[in-house]
Amino acid sequence: MSFPVETVRHSLSHVMAEAVVKLYPGAKVAIGPAIDDGFYYDFDLPSPIQPDDLPAVEKEMRRIISANVPFKRVEVSKAEARDLFKDEPYKLELIDGLDDGTITVYEQGAFRDLCRGPHVDSTRDLRPDCFKLRAVAGAYWRGDEKRPMLTRIYAYAFASKAELEAHLKMLEEAEKRDNRKLGKELDLFSTHEEAGAGLVYWHPKGGRFRVELENWWRDEHYKNGYEILFTPHIGKSWLWETSGHLGFYKEGMYSPMEIDEDDYYIKPMNCPFHMMIYKNGVHSYRELPMRWAELGTVYRYERSGTLHGLMRVRGFTQDDAHIICTPEQIEDEIAEVLRFSLHMHKTLGFKDIKAYLATRPAGDGAVGAPEMWDKALESLRKAVDAQGLAYEMDEGGGAFYGPKIDLKVKDAIGREWQLTTIQFDFNEPERFDLTYVDADGQKKRPYMVHRALLGSIERFFGVYLEHTAGAFPIWLAPEQAVVIPVGPDFADYAAEVAAELKKAGLRASAMLSDERMNAKIRDAQKQKVPYMLVVGAKERDEGVVAVRVRDGRQLPAMPASEFVGMVRGLVEARSLEL
RNA sequence: GCCCUUGUAGCUCAGUUGGCAGAGCACAUCCAUGGUAAGGAUGAGGUCAUCGGUUCGAUUCCGAUCGAGGGCUCCA
């Protein structure tokens with residue numbers, strides 16, 4: 001009989017607990033659920049466990065599995081359960097949190113665990129080659145940093161050996177594409193601990209990518225009815241008190257600096273500044289919708305342990321925009337943002353895109369009348385449907401100020417990344433008292449939506465690096481072509497060709513060092529340069545270039561001018577192919 | 001911030017069971033007439049993260065500090 005993979009994972013976690021308790025007498029067990037790619041179990045151990053100790057645990061688990069012991073389900077009363085687990089403080093706490101009535105306990109061999117189940121019938125239903133212990137990590141009891149730190153052992157587990165191996169292979173591939181690794185190898189960016197963690201330095205090649213990306217981003221925004229703003233990096237406490245950030249987002253903001261006896265804060269968000277621009281005048285319904293975008297650099301406090309390459313940083317540039325419109329326009333505006341977002345993602349080469357709709361959080365912390373939330377959510381849902389997007393609901397996952405849609409894209413090795421977020425805001429228009437004059441001459445409150453399509457330029461760069469493994473499409477490649485002379489005799493011709501390409505606006509250079517041609521090709525390949533133009537006697541005499549493509553293809557020899565035309569065509573089309 | 005791991009040349013990493021430190025790549029100089037993924041030689045480069053302790057002697061052992069990596073939602 002076969003069981004759902006979650007059941008197998010959960011049963012394996014019990015087997016691991018049995019093994020750990022046996023190998024570490026006195027270990028207290030906490031919880032051990034199935035997770036996306038396996039399972040974990042939290043322990044309070046009498047002595048620390050090291051990664052080196054994991055093989056021994058694995059071995060013991062395999063022994064238990066091969067012993068073919070049944071999983072027995074036992075029903076007990078709360079009092080009985082308390083007695084059974086009298087030596088397990090964490091289990092006792094869990095038992096206290098349960099409703100009165102029947103409690104289930106699962107036993108396999110000598111090991112007994114408080115558990116809702118279900119489980120496999122017997123360890124015979126578990127496969128010794130479908131799991132692998134991954135790592136030990138710290139985790140707070142119940143995720144609460146005020147509670148004790150437990151030792152968590154993570155494991156991968158799948159229904160078949162093939163799936164486990166495929167997963168391990170994906171992880172290996174992910175490691176090769178790690179944005180921090182590629183950032184170094186391709187000389188794109190760096191971070192400097194001595195100068196401040198989580199702050200990104202863009203090198204010349206990263207800068208090329210960014211400039212091309214941002215130019216495209218601005219063009220597309222103008223084409224799609226946006227105006228582009230620039231706003232300050234700091235603002236007086238009045239601004240943040242008005243926006244409410246000092247109330248609900250203070251822990252994400254840096255300490256203020258004093259200027260002329262006033263407190264100024266570095267901005268963690270751009271919206272209050274956009275609100276100020278809106279408030280600068282009286283607005284008619286005829287002006288709406290207003291779509292205001294900004295590549296706005298913000299600084300947010302992230303705890304040191306959470307910083308990670310380009311993916312989580314303390315200073316970053318959001319591709320932010322705020323849309324201010326009438327209630328009647330909101331549905332079309334949301335649909336438009338979604339369409340625009342999909343257009344951007346598809347241009348960048350993401351094909352598999354999924355939406356997540358987050359609704360009103362539970363409790364009374366949320367602002368805005370329930371019917372506003374309902375209307376907003378309805379327009380989000382309609383927009384997603386209109387685009388034919390698959391979506392999932394995230395009940396209660398909205399911010400306190402409004403519901404949202406997040407878009408996640410799937411990358412080349414199957415991982416999902418959240419890029420776009422589209423969020424209603426019922427809070428700030430109220431706080432800043434935004435109004436417009438409607439057709440009937442009455443002042444009314446507009447709707448406001450925040451949106452970021454790429455999220456932040458830094459994070460997007462990280463995601464895109466991992467998606468493309470650094471092999472950027474031609475329009476974003478920091479260096480589009482290199483000219484490689486076969487030998488020193490052809491250096492002049494190579495320089496001439498490179499000059500022609502540069503003059504035509506291509507990002508190109510000649511490799512004129514005294515390395516051998518083979519070494520230059522290898523370097524260019526490693527740098528993921530799209531085109532290598534090899535020139536020797538034949539090419540010089542005929543006035544052509546031999547084109548080697550990054551993927552190993554060899555194009556027919558062509559004059560440099562023809563190569564320029566070809567590249568221009570690909571850039572113009574934002575082609576993903578070379 | 002907390003738990004585990006970790007910190008040796010610009011990069012990737014050896015190594016020293018305590019006796020003044022090594023390789024490859026990159027860099028510099030020289031040699032090399034070379035056709036699609038590394039030609040050769042020589043050289044320069046490190047207060048072995050920082051501070052303190054133990055010791056005749058510490059990069060190595062111990063402690064602290066700073067940084068980095070993995071984790072801290074997944075509910076019996």
# chains A, B, ... in the order shown; residues from 1 in each chain; ligands from 1
>>> select_by_dssp(residues="region 264-470 of chain A", states="strand (DSSP E)", output="PyMOL selection string")
chain A and resi 264-266+290-299+315-325+353-358+390-394+404-410+416-424+436-437+443-444+447-456
>>> write_last_selection(atoms="C-alpha atoms", output="tab-separated table (two decimals), in the first residue's frame")
chain	number	residue	atom	x	y	z
A	264	TYR	CA	14.82	63.20	10.27
A	265	TYR	CA	14.45	59.57	9.28
A	266	ILE	CA	15.96	57.73	6.31
A	290	MET	CA	-2.61	59.04	-11.62
A	291	ARG	CA	0.16	56.52	-11.98
A	292	TRP	CA	3.34	57.68	-10.31
A	293	ALA	CA	6.45	55.54	-10.41
A	294	GLU	CA	9.85	55.92	-8.83
A	295	LEU	CA	13.00	53.88	-8.63
A	296	GLY	CA	13.16	54.78	-4.98
A	297	THR	CA	16.06	53.75	-2.80
A	298	VAL	CA	15.00	52.85	0.70
A	299	TYR	CA	16.73	51.60	3.83
A	315	GLY	CA	19.42	49.21	1.36
A	316	PHE	CA	17.64	48.66	-1.93
A	317	THR	CA	15.87	50.38	-4.77
A	318	GLN	CA	12.21	49.56	-5.17
A	319	ASP	CA	10.60	49.82	-8.58
A	320	ASP	CA	7.74	51.43	-6.82
A	321	ALA	CA	4.58	53.09	-8.05
A	322	HIS	CA	1.41	54.46	-6.54
A	323	ILE	CA	-1.82	54.56	-8.41
A	324	ILE	CA	-4.40	57.01	-7.21
A	325	CYS	CA	-7.83	56.62	-8.77
A	353	ILE	CA	3.71	32.87	-13.18
A	354	LYS	CA	1.32	32.34	-10.34
A	355	ALA	CA	-0.77	34.73	-8.26
A	356	TYR	CA	-1.43	34.72	-4.53
A	357	LEU	CA	-4.38	36.72	-3.21
A	358	ALA	CA	-4.14	37.80	0.41
A	390	ALA	CA	-3.64	30.48	-11.76
A	391	TYR	CA	-4.03	31.73	-8.21
A	392	GLU	CA	-4.13	30.64	-4.62
A	393	MET	CA	-5.84	32.35	-1.73
A	394	ASP	CA	-3.86	33.39	1.30
A	404	LYS	CA	-2.93	42.33	-2.05
A	405	ILE	CA	-1.88	40.18	-4.97
A	406	ASP	CA	1.63	38.81	-5.11
A	407	LEU	CA	3.00	37.27	-8.27
A	408	LYS	CA	5.57	34.53	-8.07
A	409	VAL	CA	7.64	33.49	-11.05
A	410	LYS	CA	9.20	30.09	-11.55
A	416	GLU	CA	9.43	30.18	-7.14
A	417	TRP	CA	10.36	33.77	-6.42
A	418	GLN	CA	8.01	36.53	-5.42
A	419	LEU	CA	8.63	39.62	-7.51
A	420	THR	CA	5.45	41.60	-8.00
A	421	THR	CA	3.26	42.86	-5.22
A	422	ILE	CA	0.08	44.88	-5.74
A	423	GLN	CA	-1.36	46.21	-2.51
A	424	PHE	CA	-4.46	48.20	-1.72
A	436	TYR	CA	-10.25	64.71	-5.47
A	437	VAL	CA	-13.13	66.82	-6.70
A	443	LYS	CA	-14.52	66.26	-2.43
A	444	LYS	CA	-14.05	62.51	-2.33
A	447	TYR	CA	-8.37	54.70	-3.82
A	448	MET	CA	-4.66	54.08	-3.63
A	449	VAL	CA	-2.65	51.08	-4.72
A	450	HIS	CA	1.05	50.44	-4.14
A	451	ARG	CA	2.79	48.23	-6.57
A	452	ALA	CA	6.30	47.01	-7.32
A	453	LEU	CA	6.79	44.85	-10.39
A	454	LEU	CA	10.33	43.62	-9.94
A	455	GLY	CA	10.22	44.16	-6.19
A	456	SER	CA	13.61	45.73	-5.79
>>> closest_atom_pairs(of="chain B", to="chain A", cutoff="10 Å", atoms="only C-alpha atoms (C1' of nucleotides)", output="CSV")
residue,atom,partner,partner_atom,distance
B:G1,C1',A:Arg303,CA,7.3
B:C2,C1',A:Glu145,CA,7.0
B:C3,C1',A:Gly138,CA,3.8
B:C4,C1',A:Ala137,CA,5.5
B:U5,C1',A:Pro51,CA,8.3
B:C11,C1',A:Glu185,CA,8.5
B:A32,C1',A:Arg516,CA,9.7
B:U33,C1',A:Gly487,CA,6.9
B:G34,C1',A:Gly487,CA,5.1
B:G35,C1',A:Val486,CA,6.0
B:U36,C1',A:Asn518,CA,6.8
B:A37,C1',A:Arg522,CA,4.1
B:A38,C1',A:Ala519,CA,5.4
B:G39,C1',A:Arg516,CA,7.4
B:C66,C1',A:Glu194,CA,9.5
B:G67,C1',A:Glu193,CA,6.5
B:A68,C1',A:Glu193,CA,8.8
B:G69,C1',A:His308,CA,9.6
B:G70,C1',A:Ala137,CA,7.1
B:G71,C1',A:Ala137,CA,4.8
B:C72,C1',A:Ala139,CA,4.3
B:U73,C1',A:Gly143,CA,8.1
B:C74,C1',A:Ile35,CA,6.2
B:C75,C1',A:Ile31,CA,7.4
B:A76,C1',A:Cys115,CA,4.7
>>> select_by_dssp(residues="region 91-131 of chain A", states="helix (DSSP H, G or I)", output="ChimeraX atom specification")
/A:91-96,123-125
>>> closest_residue(among="B:C48, B:A28, B:U42, B:U54", to="A9 (chain B)", atoms="only C-alpha atoms (C1' of nucleotides)")
B:C48
>>> residues_around(residues="Ala383 (chain A)", least_positions_apart="3", cutoff="8 Å", atoms="only C-alpha atoms (C1' of nucleotides)", output="list in words")
Glu331, Asp332, Ile334, Ala335, Leu338, Ser379, Leu380, Ala386 and Gln387 of chain A
>>> atom_distance(atom1="CA of Met253 (chain A)", atom2="CA of Lys236 (chain A)")
13.0 Å
>>> closest_residue(among="B:C25, B:G18, B:A44, B:G10", to="C56 (chain B)", atoms="only C-alpha atoms (C1' of nucleotides)")
B:G18
>>> closest_residue(among="A:Gln329, A:Lys176, A:Leu171, A:Phe340", to="Lys223 (chain A)", atoms="only C-alpha atoms")
A:Phe340
